[in-house]
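Participant: My structure is stored as model28.cif, with mmCIF, C-alpha atoms.
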```cif
data_run
#
loop_
_atom_site.label_atom_id
_atom_site.label_comp_id
_atom_site.auth_asym_id
_atom_site.auth_seq_id
_atom_site.Cartn_x
_atom_site.Cartn_y
_atom_site.Cartn_z
CA MET A 1312 0.00 0.00 0.00
CA ASN A 1313 1.24 3.50 -0.90
CA LYS A 1314 0.66 6.43 1.43
CA GLN A 1315 0.75 10.11 0.58
CA LYS A 1316 0.28 13.16 2.81
CA GLN A 1317 -2.57 15.36 1.61
CA TYR A 1318 -3.93 18.75 2.65
CA THR A 1319 -7.33 20.25 1.92
CA VAL A 1320 -7.24 24.03 1.80
CA ASP A 1321 -10.11 26.47 1.30
CA ALA A 1322 -8.72 29.19 -0.98
CA PHE A 1323 -9.77 32.84 -1.32
CA THR A 1324 -11.26 32.91 2.16
CA ASP A 1325 -10.06 33.29 5.73
CA GLN A 1326 -12.43 30.66 7.12
CA VAL A 1327 -13.28 27.04 6.38
CA PHE A 1328 -16.50 26.07 4.60
CA ALA A 1329 -16.10 29.05 2.26
CA GLY A 1330 -13.96 29.88 -0.74
CA ASN A 1331 -12.81 27.09 -3.03
CA PRO A 1332 -11.50 23.80 -1.61
CA ALA A 1333 -8.48 22.18 -3.21
CA ALA A 1334 -6.56 19.04 -2.33
CA VAL A 1335 -2.78 19.47 -2.28
CA CYS A 1336 -0.16 16.70 -2.46
CA ILE A 1337 3.53 17.59 -2.13
CA LEU A 1338 5.34 14.63 -3.72
CA LYS A 1339 8.92 13.38 -3.59
CA GLU A 1340 8.50 12.14 -7.16
CA TRP A 1341 5.70 12.03 -9.68
CA LEU A 1342 2.98 9.45 -9.38
CA PRO A 1343 1.73 7.85 -12.61
CA ASP A 1344 -0.67 10.16 -14.44
CA ASP A 1345 -3.54 7.70 -14.13
CA VAL A 1346 -3.05 7.53 -10.35
CA MET A 1347 -3.13 11.33 -10.02
CA ALA A 1348 -6.26 11.40 -12.16
CA LYS A 1349 -7.90 8.77 -9.95
CA ILE A 1350 -6.98 10.67 -6.78
CA ALA A 1351 -8.58 13.80 -8.27
CA MET A 1352 -11.72 11.82 -9.10
CA GLU A 1353 -11.78 10.34 -5.59
CA LYS A 1354 -11.38 13.73 -3.91
CA ASN A 1355 -13.98 15.20 -6.30
CA TYR A 1356 -12.96 18.82 -5.69
CA SER A 1357 -12.79 21.13 -8.67
CA GLU A 1358 -8.99 20.74 -8.47
CA THR A 1359 -6.34 18.54 -6.89
CA ALA A 1360 -2.78 19.88 -7.08
CA PHE A 1361 0.42 17.79 -7.22
CA ALA A 1362 3.84 19.37 -6.73
CA VAL A 1363 7.39 17.99 -6.89
CA GLU A 1364 10.35 20.04 -5.64
CA ASN A 1365 13.17 21.14 -7.92
CA PRO A 1366 16.56 22.54 -6.83
CA GLU A 1367 16.49 25.93 -5.05
CA HIS A 1368 13.00 25.46 -3.62
CA SER A 1369 11.07 25.78 -6.90
CA TYR A 1370 8.43 23.19 -7.79
CA HIS A 1371 6.81 21.54 -10.76
CA LEU A 1372 3.05 21.91 -10.30
CA ARG A 1373 0.22 20.08 -12.05
CA TRP A 1374 -3.55 20.34 -11.60
CA PHE A 1375 -6.20 17.67 -12.11
CA THR A 1376 -9.96 18.10 -12.14
CA PRO A 1377 -12.30 15.10 -11.85
CA GLY A 1378 -12.34 15.27 -15.65
CA GLY A 1379 -8.57 15.30 -16.20
CA GLU A 1380 -5.50 17.54 -16.22
CA VAL A 1381 -5.81 21.29 -16.95
CA LYS A 1382 -3.28 23.93 -18.01
CA LEU A 1383 -4.06 26.55 -15.38
CA CYS A 1384 -5.77 26.71 -12.00
CA GLY A 1385 -5.70 29.67 -9.65
CA HIS A 1386 -7.22 28.49 -6.39
CA ALA A 1387 -5.22 25.24 -6.29
CA THR A 1388 -2.04 27.25 -6.89
CA LEU A 1389 -2.99 29.53 -4.00
CA ALA A 1390 -3.71 26.44 -1.87
CA THR A 1391 -0.34 24.90 -2.76
CA GLY A 1392 1.42 28.17 -1.97
CA TYR A 1393 -0.36 28.23 1.39
CA VAL A 1394 0.78 24.70 2.25
CA LEU A 1395 4.39 25.47 1.35
CA LEU A 1396 4.68 29.01 2.76
CA SER A 1397 2.42 28.81 5.80
CA ILE A 1398 2.65 25.16 6.92
CA LEU A 1399 5.78 23.42 5.65
CA TYR A 1400 8.21 26.34 5.29
CA PRO A 1401 6.77 29.36 7.15
CA GLU A 1402 10.16 31.11 7.04
CA ARG A 1403 9.87 31.43 3.24
CA THR A 1404 7.98 34.31 1.62
CA GLU A 1405 7.89 33.23 -2.05
CA VAL A 1406 7.72 30.07 -4.14
CA SER A 1407 7.96 29.54 -7.91
CA PHE A 1408 6.09 26.87 -9.83
CA GLN A 1409 6.92 25.46 -13.25
CA THR A 1410 3.62 24.66 -14.95
CA LEU A 1411 1.95 24.08 -18.31
CA SER A 1412 1.24 27.84 -18.23
CA GLY A 1413 4.85 28.82 -17.64
CA THR A 1414 6.45 30.03 -14.42
CA LEU A 1415 3.95 31.07 -11.74
CA LYS A 1416 4.89 32.69 -8.44
CA VAL A 1417 3.15 32.91 -5.09
CA SER A 1418 4.37 35.44 -2.52
CA LYS A 1419 3.32 35.87 1.11
CA ASN A 1420 2.66 39.16 2.89
CA GLY A 1421 1.17 38.42 6.30
CA ASP A 1422 -1.87 36.23 5.68
CA LEU A 1423 -2.34 37.48 2.13
CA LEU A 1424 -0.99 35.33 -0.71
CA THR A 1425 -0.43 36.89 -4.13
CA MET A 1426 -0.17 34.94 -7.39
CA ASP A 1427 1.52 36.18 -10.56
CA PHE A 1428 -0.44 34.74 -13.51
CA PRO A 1429 -0.72 35.31 -17.26
CA ALA A 1430 -3.60 37.47 -18.48
CA TYR A 1431 -5.70 35.94 -21.23
CA SER A 1432 -6.16 37.87 -24.45
CA LEU A 1433 -9.85 38.27 -25.24
CA LYS A 1434 -11.52 38.45 -28.64
CA LYS A 1435 -15.05 39.80 -28.91
CA VAL A 1436 -17.49 37.25 -30.32
CA PRO A 1437 -21.18 37.51 -31.24
CA VAL A 1438 -23.76 36.95 -28.51
CA THR A 1439 -25.92 33.96 -29.48
CA ASP A 1440 -29.21 32.40 -28.45
CA ALA A 1441 -27.20 29.32 -27.41
CA MET A 1442 -25.32 31.40 -24.84
CA ALA A 1443 -28.55 32.76 -23.36
CA GLU A 1444 -30.03 29.25 -23.22
CA ALA A 1445 -26.87 27.89 -21.57
CA ILE A 1446 -26.95 30.64 -18.93
CA GLY A 1447 -30.58 29.90 -18.15
CA GLY A 1448 -32.49 32.59 -20.01
CA PHE A 1449 -30.49 35.76 -19.34
CA ARG A 1450 -28.91 37.13 -22.51
CA PRO A 1451 -25.36 38.50 -22.29
CA VAL A 1452 -24.81 42.07 -23.45
CA GLU A 1453 -21.34 41.12 -24.70
CA ALA A 1454 -19.28 37.96 -25.12
CA TYR A 1455 -15.55 37.34 -25.41
CA MET A 1456 -13.35 34.32 -26.07
CA GLY A 1457 -9.94 33.59 -24.55
CA ASP A 1458 -9.29 29.98 -23.61
CA ASP A 1459 -12.69 30.28 -21.92
CA LEU A 1460 -15.96 31.98 -22.85
CA VAL A 1461 -16.71 35.21 -20.97
CA CYS A 1462 -20.32 36.41 -20.94
CA VAL A 1463 -20.84 39.97 -19.72
CA MET A 1464 -24.27 40.39 -18.12
CA ALA A 1465 -26.44 43.47 -17.68
CA SER A 1466 -26.52 43.27 -13.88
CA GLU A 1467 -25.08 41.60 -10.81
CA ASP A 1468 -28.52 40.09 -10.13
CA GLN A 1469 -28.40 38.23 -13.45
CA VAL A 1470 -25.03 36.74 -12.49
CA ARG A 1471 -26.33 35.64 -9.09
CA GLN A 1472 -29.65 34.31 -10.42
CA ALA A 1473 -28.27 32.46 -13.46
CA GLN A 1474 -29.11 28.76 -13.62
CA PRO A 1475 -26.73 27.39 -16.25
CA ASP A 1476 -27.44 24.19 -18.14
CA ASP A 1477 -24.38 21.91 -18.25
CA ALA A 1478 -25.53 20.10 -21.38
CA ARG A 1479 -25.86 23.40 -23.24
CA ILE A 1480 -22.53 24.72 -21.94
CA LEU A 1481 -20.87 21.59 -23.33
CA GLN A 1482 -21.97 22.70 -26.82
CA LEU A 1483 -20.31 26.12 -26.52
CA ASP A 1484 -16.70 26.98 -27.37
CA GLY A 1485 -14.19 27.45 -24.58
CA VAL A 1486 -12.98 25.24 -21.75
CA CYS A 1487 -15.06 27.06 -19.12
CA MET A 1488 -17.85 29.64 -19.15
CA HIS A 1489 -17.68 32.72 -16.92
CA VAL A 1490 -20.64 35.06 -16.40
CA THR A 1491 -19.68 38.45 -15.02
CA ALA A 1492 -21.12 41.90 -14.30
CA ARG A 1493 -20.19 45.11 -12.55
CA GLY A 1494 -20.83 44.76 -8.82
CA SER A 1495 -22.54 46.99 -6.28
CA SER A 1496 -20.03 46.40 -3.47
CA TYR A 1497 -17.25 45.03 -5.68
CA ASP A 1498 -15.76 46.14 -8.98
CA CYS A 1499 -16.98 42.93 -10.58
CA VAL A 1500 -18.99 39.85 -9.65
CA THR A 1501 -18.44 36.55 -11.48
CA ARG A 1502 -19.53 32.93 -11.54
CA SER A 1503 -17.65 30.14 -13.35
CA PHE A 1504 -18.89 26.87 -14.84
CA ALA A 1505 -16.74 24.00 -16.14
CA PRO A 1506 -18.75 20.89 -17.07
CA LYS A 1507 -16.07 20.03 -19.66
CA CYS A 1508 -13.76 19.49 -16.68
CA GLY A 1509 -16.34 17.54 -14.70
CA VAL A 1510 -17.19 20.59 -12.54
CA HIS A 1511 -20.63 22.21 -12.59
CA GLU A 1512 -19.70 25.42 -10.75
CA ASP A 1513 -16.20 26.35 -9.59
CA PRO A 1514 -16.62 28.01 -6.16
CA VAL A 1515 -13.81 30.57 -6.76
CA CYS A 1516 -11.95 30.58 -10.05
CA GLY A 1517 -8.51 32.14 -10.42
CA ARG A 1518 -8.37 31.04 -14.06
CA GLY A 1519 -11.64 32.86 -14.64
CA HIS A 1520 -10.24 36.07 -13.22
CA CYS A 1521 -7.28 35.84 -15.59
CA HIS A 1522 -10.02 36.35 -18.20
CA VAL A 1523 -12.37 38.84 -16.54
CA VAL A 1524 -9.80 41.12 -14.85
CA PRO A 1525 -8.35 42.35 -18.19
CA TYR A 1526 -11.89 43.07 -19.40
CA TRP A 1527 -12.93 44.99 -16.29
CA ALA A 1528 -9.60 46.81 -16.03
CA ASP A 1529 -10.16 48.18 -19.53
CA THR A 1530 -13.88 48.82 -19.03
CA LEU A 1531 -13.54 50.58 -15.67
CA GLY A 1532 -10.28 52.32 -16.53
CA LYS A 1533 -8.39 51.04 -13.51
CA ASP A 1534 -5.85 48.28 -12.98
CA GLU A 1535 -6.62 47.41 -9.34
CA LEU A 1536 -9.91 45.63 -8.74
CA LEU A 1537 -11.72 44.02 -5.83
CA ALA A 1538 -13.61 41.05 -7.22
CA TYR A 1539 -16.17 38.66 -5.79
CA GLN A 1540 -17.02 35.12 -6.91
CA ALA A 1541 -20.75 34.79 -6.30
CA SER A 1542 -20.94 31.01 -5.92
CA PRO A 1543 -22.85 29.53 -2.95
CA ARG A 1544 -19.52 29.36 -1.04
CA GLY A 1545 -18.29 32.76 -2.23
CA GLY A 1546 -14.81 34.23 -2.32
CA GLU A 1547 -12.98 37.56 -2.49
CA LEU A 1548 -10.05 38.31 -4.80
CA HIS A 1549 -7.74 41.33 -4.75
CA CYS A 1550 -6.73 41.76 -8.38
CA ARG A 1551 -4.18 43.85 -10.25
CA ARG A 1552 -3.46 43.96 -13.98
CA GLU A 1553 0.09 44.76 -15.06
CA GLY A 1554 0.64 44.50 -18.80
CA ASP A 1555 0.09 40.89 -19.81
CA ARG A 1556 0.08 39.64 -16.20
CA VAL A 1557 -2.68 39.41 -13.61
CA PHE A 1558 -1.88 39.42 -9.90
CA LEU A 1559 -4.51 37.64 -7.79
CA ALA A 1560 -4.34 37.87 -4.01
CA GLY A 1561 -6.38 36.12 -1.37
CA ARG A 1562 -6.31 34.27 1.92
CA ALA A 1563 -6.58 30.57 2.66
CA ALA A 1564 -7.69 28.32 5.50
CA LEU A 1565 -6.58 24.77 6.28
CA PHE A 1566 -9.55 22.41 6.50
CA GLU A 1567 -7.95 18.96 6.54
CA GLU A 1568 -4.58 17.31 6.93
CA GLY A 1569 -4.38 13.57 6.38
CA THR A 1570 -3.00 10.59 4.46
CA ILE A 1571 -4.17 9.09 1.19
CA CYS A 1572 -3.77 5.31 0.98
CA PHE A 1573 -3.75 3.63 -2.44
#
```
Show the structure stored in the file as structure tokens.

Facilitator:
Amino acid sequence: MNKQKQYTVDAFTDQVFAGNPAAVCILKEWLPDDVMAKIAMEKNYSETAFAVENPEHSYHLRWFTPGGEVKLCGHATLATGYVLLSILYPERTEVSFQTLSGTLKVSKNGDLLTMDFPAYSLKKVPVTDAMAEAIGGFRPVEAYMGDDLVCVMASEDQVRQAQPDDARILQLDGVCMHVTARGSSYDCVTRSFAPKCGVHEDPVCGRGHCHVVPYWADTLGKDELLAYQASPRGGELHCRREGDRVFLAGRAALFEEGTICF
């Protein structure tokens, strides 16, 4: 029997039972891909992160959803940074990850963790009836495509009240679908849906904000944004756009520390 230490961390929140839970495994060496995929399916969170240390305290980092490996995940990167910088090596203030999306960094300032991520380039696309049907009846006022589909809604209420249809989302382009609007208490409010990755709704999506932050920075004419993910769990993100990078900052809370046996 193999045993592996595993942490469950709620990301983009300062308390458990909120934010976005991610499982984190810090490995001595890579497990077979099919084993990591099975662990992600067993945990059934939107993401499970696996990291292996390189020389000079950098790490290779990979993310698996219940539906398979993905190229970028924000909350699981934040969760991994929390495990390394707040639990295993609290004397450290920064960690670098080598990923399928290039080099990503997480830095620690008190209890706030900041991630340095790539910003997605967005191309405006026509709003379609299929989008409105997938969202649950509300029609976007604009739509954009990066790696994911971004649907800009007329109001925060439409974002909160949307009842997306997974089967219809599967027919749309893009890995995920994000619905977003200007917020009343926040600069923007967003929800994220990823049935193509085996996830109906992602509780707090860093990847999604790599799409929506560039849009709202341009629309609002400011590069620093306070964003809210309006899922049932909810989560707050401190965002900054710098050129082709997006800096996402948030807090994290340890929910579980245990051992996986397989």

Participant: Got a sec: who's within 8 Å of range 1550-1566 of chain A, counting all atoms listed in the file, leaving out chain neighbours fewer than 3 positions off, as a ChimeraX atom specification?

Facilitator: /A:1318-1327,1389-1390,1393,1422-1431,1517,1521,1524-1525,1528,1534-1538,1547

Participant: Record the distance separating CA of Ala1360 in chain A and CA of Leu1481 in chain A, expressed in Å with one decimal.

Facilitator: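 Atom-to-atom, CA of Ala1360 in chain A and CA of Leu1481 in chain A are spaced 24.4 Å apart.
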
Participant: Which is closer to Ala1454 in chain A than all the others in A:Met1488, A:Val1417, A:Ala1329, A:Leu1531, using all atoms listed in the file?

Facilitator: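 Looking at the shortest contact to Ala1454 in chain A, the residue is A:Met1488.
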
Participant: Can you work out which one of A:Trp1374, A:Tyr1356, A:Tyr1539, A:Phe1328 has the shortest atom-to-atom distance to Asp1344 in chain A, counting all atoms listed in the file?

Facilitator: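 For Asp1344 in chain A, the nearest of the candidates is A:Trp1374.
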
Participant: Translate the PyMOL selection byres ((chain A and resi 1375) around 12) into a concrete residue list for this structure, as a PDB file with C-alpha atoms, in the coordinates of the input.

Facilitator:
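And here is the file that came out, out.pdb:
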```
ATOM      1  CA  ALA A1333      -8.480  22.180  -3.210  1.00  0.00           C
ATOM      2  CA  ALA A1334      -6.560  19.040  -2.330  1.00  0.00           C
ATOM      3  CA  VAL A1335      -2.780  19.470  -2.280  1.00  0.00           C
ATOM      4  CA  CYS A1336      -0.160  16.700  -2.460  1.00  0.00           C
ATOM      5  CA  ASP A1344      -0.670  10.160 -14.440  1.00  0.00           C
ATOM      6  CA  ASP A1345      -3.540   7.700 -14.130  1.00  0.00           C
ATOM      7  CA  VAL A1346      -3.050   7.530 -10.350  1.00  0.00           C
ATOM      8  CA  MET A1347      -3.130  11.330 -10.020  1.00  0.00           C
ATOM      9  CA  ALA A1348      -6.260  11.400 -12.160  1.00  0.00           C
ATOM     10  CA  LYS A1349      -7.900   8.770  -9.950  1.00  0.00           C
ATOM     11  CA  ILE A1350      -6.980  10.670  -6.780  1.00  0.00           C
ATOM     12  CA  ALA A1351      -8.580  13.800  -8.270  1.00  0.00           C
ATOM     13  CA  MET A1352     -11.720  11.820  -9.100  1.00  0.00           C
ATOM     14  CA  GLU A1353     -11.780  10.340  -5.590  1.00  0.00           C
ATOM     15  CA  LYS A1354     -11.380  13.730  -3.910  1.00  0.00           C
ATOM     16  CA  ASN A1355     -13.980  15.200  -6.300  1.00  0.00           C
ATOM     17  CA  TYR A1356     -12.960  18.820  -5.690  1.00  0.00           C
ATOM     18  CA  SER A1357     -12.790  21.130  -8.670  1.00  0.00           C
ATOM     19  CA  GLU A1358      -8.990  20.740  -8.470  1.00  0.00           C
ATOM     20  CA  THR A1359      -6.340  18.540  -6.890  1.00  0.00           C
ATOM     21  CA  ALA A1360      -2.780  19.880  -7.080  1.00  0.00           C
ATOM     22  CA  PHE A1361       0.420  17.790  -7.220  1.00  0.00           C
ATOM     23  CA  ALA A1362       3.840  19.370  -6.730  1.00  0.00           C
ATOM     24  CA  LEU A1372       3.050  21.910 -10.300  1.00  0.00           C
ATOM     25  CA  ARG A1373       0.220  20.080 -12.050  1.00  0.00           C
ATOM     26  CA  TRP A1374      -3.550  20.340 -11.600  1.00  0.00           C
ATOM     27  CA  THR A1376      -9.960  18.100 -12.140  1.00  0.00           C
ATOM     28  CA  PRO A1377     -12.300  15.100 -11.850  1.00  0.00           C
ATOM     29  CA  GLY A1378     -12.340  15.270 -15.650  1.00  0.00           C
ATOM     30  CA  GLY A1379      -8.570  15.300 -16.200  1.00  0.00           C
ATOM     31  CA  GLU A1380      -5.500  17.540 -16.220  1.00  0.00           C
ATOM     32  CA  VAL A1381      -5.810  21.290 -16.950  1.00  0.00           C
ATOM     33  CA  LYS A1382      -3.280  23.930 -18.010  1.00  0.00           C
ATOM     34  CA  LEU A1383      -4.060  26.550 -15.380  1.00  0.00           C
ATOM     35  CA  CYS A1384      -5.770  26.710 -12.000  1.00  0.00           C
ATOM     36  CA  ALA A1387      -5.220  25.240  -6.290  1.00  0.00           C
ATOM     37  CA  THR A1388      -2.040  27.250  -6.890  1.00  0.00           C
ATOM     38  CA  CYS A1508     -13.760  19.490 -16.680  1.00  0.00           C
ATOM     39  CA  GLY A1509     -16.340  17.540 -14.700  1.00  0.00           C
ATOM     40  CA  VAL A1510     -17.190  20.590 -12.540  1.00  0.00           C
TER      41      VAL A1510
END
```

Participant: Give as a PDB file with C-alpha atoms, in the coordinates of the input the residues that the PyMOL selection byres ((chain A and resi 1445-1447) around 12) matches when applied to the coordinates above.

Facilitator:
```
ATOM      1  CA  VAL A1438     -23.760  36.950 -28.510  1.00  0.00           C
ATOM      2  CA  THR A1439     -25.920  33.960 -29.480  1.00  0.00           C
ATOM      3  CA  ASP A1440     -29.210  32.400 -28.450  1.00  0.00           C
ATOM      4  CA  ALA A1441     -27.200  29.320 -27.410  1.00  0.00           C
ATOM      5  CA  MET A1442     -25.320  31.400 -24.840  1.00  0.00           C
ATOM      6  CA  ALA A1443     -28.550  32.760 -23.360  1.00  0.00           C
ATOM      7  CA  GLU A1444     -30.030  29.250 -23.220  1.00  0.00           C
ATOM      8  CA  GLY A1448     -32.490  32.590 -20.010  1.00  0.00           C
ATOM      9  CA  PHE A1449     -30.490  35.760 -19.340  1.00  0.00           C
ATOM     10  CA  ARG A1450     -28.910  37.130 -22.510  1.00  0.00           C
ATOM     11  CA  PRO A1451     -25.360  38.500 -22.290  1.00  0.00           C
ATOM     12  CA  LEU A1460     -15.960  31.980 -22.850  1.00  0.00           C
ATOM     13  CA  VAL A1461     -16.710  35.210 -20.970  1.00  0.00           C
ATOM     14  CA  CYS A1462     -20.320  36.410 -20.940  1.00  0.00           C
ATOM     15  CA  VAL A1463     -20.840  39.970 -19.720  1.00  0.00           C
ATOM     16  CA  MET A1464     -24.270  40.390 -18.120  1.00  0.00           C
ATOM     17  CA  GLN A1469     -28.400  38.230 -13.450  1.00  0.00           C
ATOM     18  CA  VAL A1470     -25.030  36.740 -12.490  1.00  0.00           C
ATOM     19  CA  ARG A1471     -26.330  35.640  -9.090  1.00  0.00           C
ATOM     20  CA  GLN A1472     -29.650  34.310 -10.420  1.00  0.00           C
ATOM     21  CA  ALA A1473     -28.270  32.460 -13.460  1.00  0.00           C
ATOM     22  CA  GLN A1474     -29.110  28.760 -13.620  1.00  0.00           C
ATOM     23  CA  PRO A1475     -26.730  27.390 -16.250  1.00  0.00           C
ATOM     24  CA  ASP A1476     -27.440  24.190 -18.140  1.00  0.00           C
ATOM     25  CA  ASP A1477     -24.380  21.910 -18.250  1.00  0.00           C
ATOM     26  CA  ALA A1478     -25.530  20.100 -21.380  1.00  0.00           C
ATOM     27  CA  ARG A1479     -25.860  23.400 -23.240  1.00  0.00           C
ATOM     28  CA  ILE A1480     -22.530  24.720 -21.940  1.00  0.00           C
ATOM     29  CA  LEU A1481     -20.870  21.590 -23.330  1.00  0.00           C
ATOM     30  CA  GLN A1482     -21.970  22.700 -26.820  1.00  0.00           C
ATOM     31  CA  LEU A1483     -20.310  26.120 -26.520  1.00  0.00           C
ATOM     32  CA  ASP A1484     -16.700  26.980 -27.370  1.00  0.00           C
ATOM     33  CA  MET A1488     -17.850  29.640 -19.150  1.00  0.00           C
ATOM     34  CA  HIS A1489     -17.680  32.720 -16.920  1.00  0.00           C
ATOM     35  CA  VAL A1490     -20.640  35.060 -16.400  1.00  0.00           C
ATOM     36  CA  THR A1491     -19.680  38.450 -15.020  1.00  0.00           C
ATOM     37  CA  ARG A1502     -19.530  32.930 -11.540  1.00  0.00           C
ATOM     38  CA  SER A1503     -17.650  30.140 -13.350  1.00  0.00           C
ATOM     39  CA  PHE A1504     -18.890  26.870 -14.840  1.00  0.00           C
ATOM     40  CA  PRO A1506     -18.750  20.890 -17.070  1.00  0.00           C
TER      41      PRO A1506
END
```

Participant: List every protein, DNA or RNA residue that has an atom no more than 6 Å from (7.6, 34.3, 0.9) in the file's coordinate frame, counting all atoms listed in the file, and report them as a PyMOL selection string.

Facilitator: chain A and resi 1403-1405+1418-1419
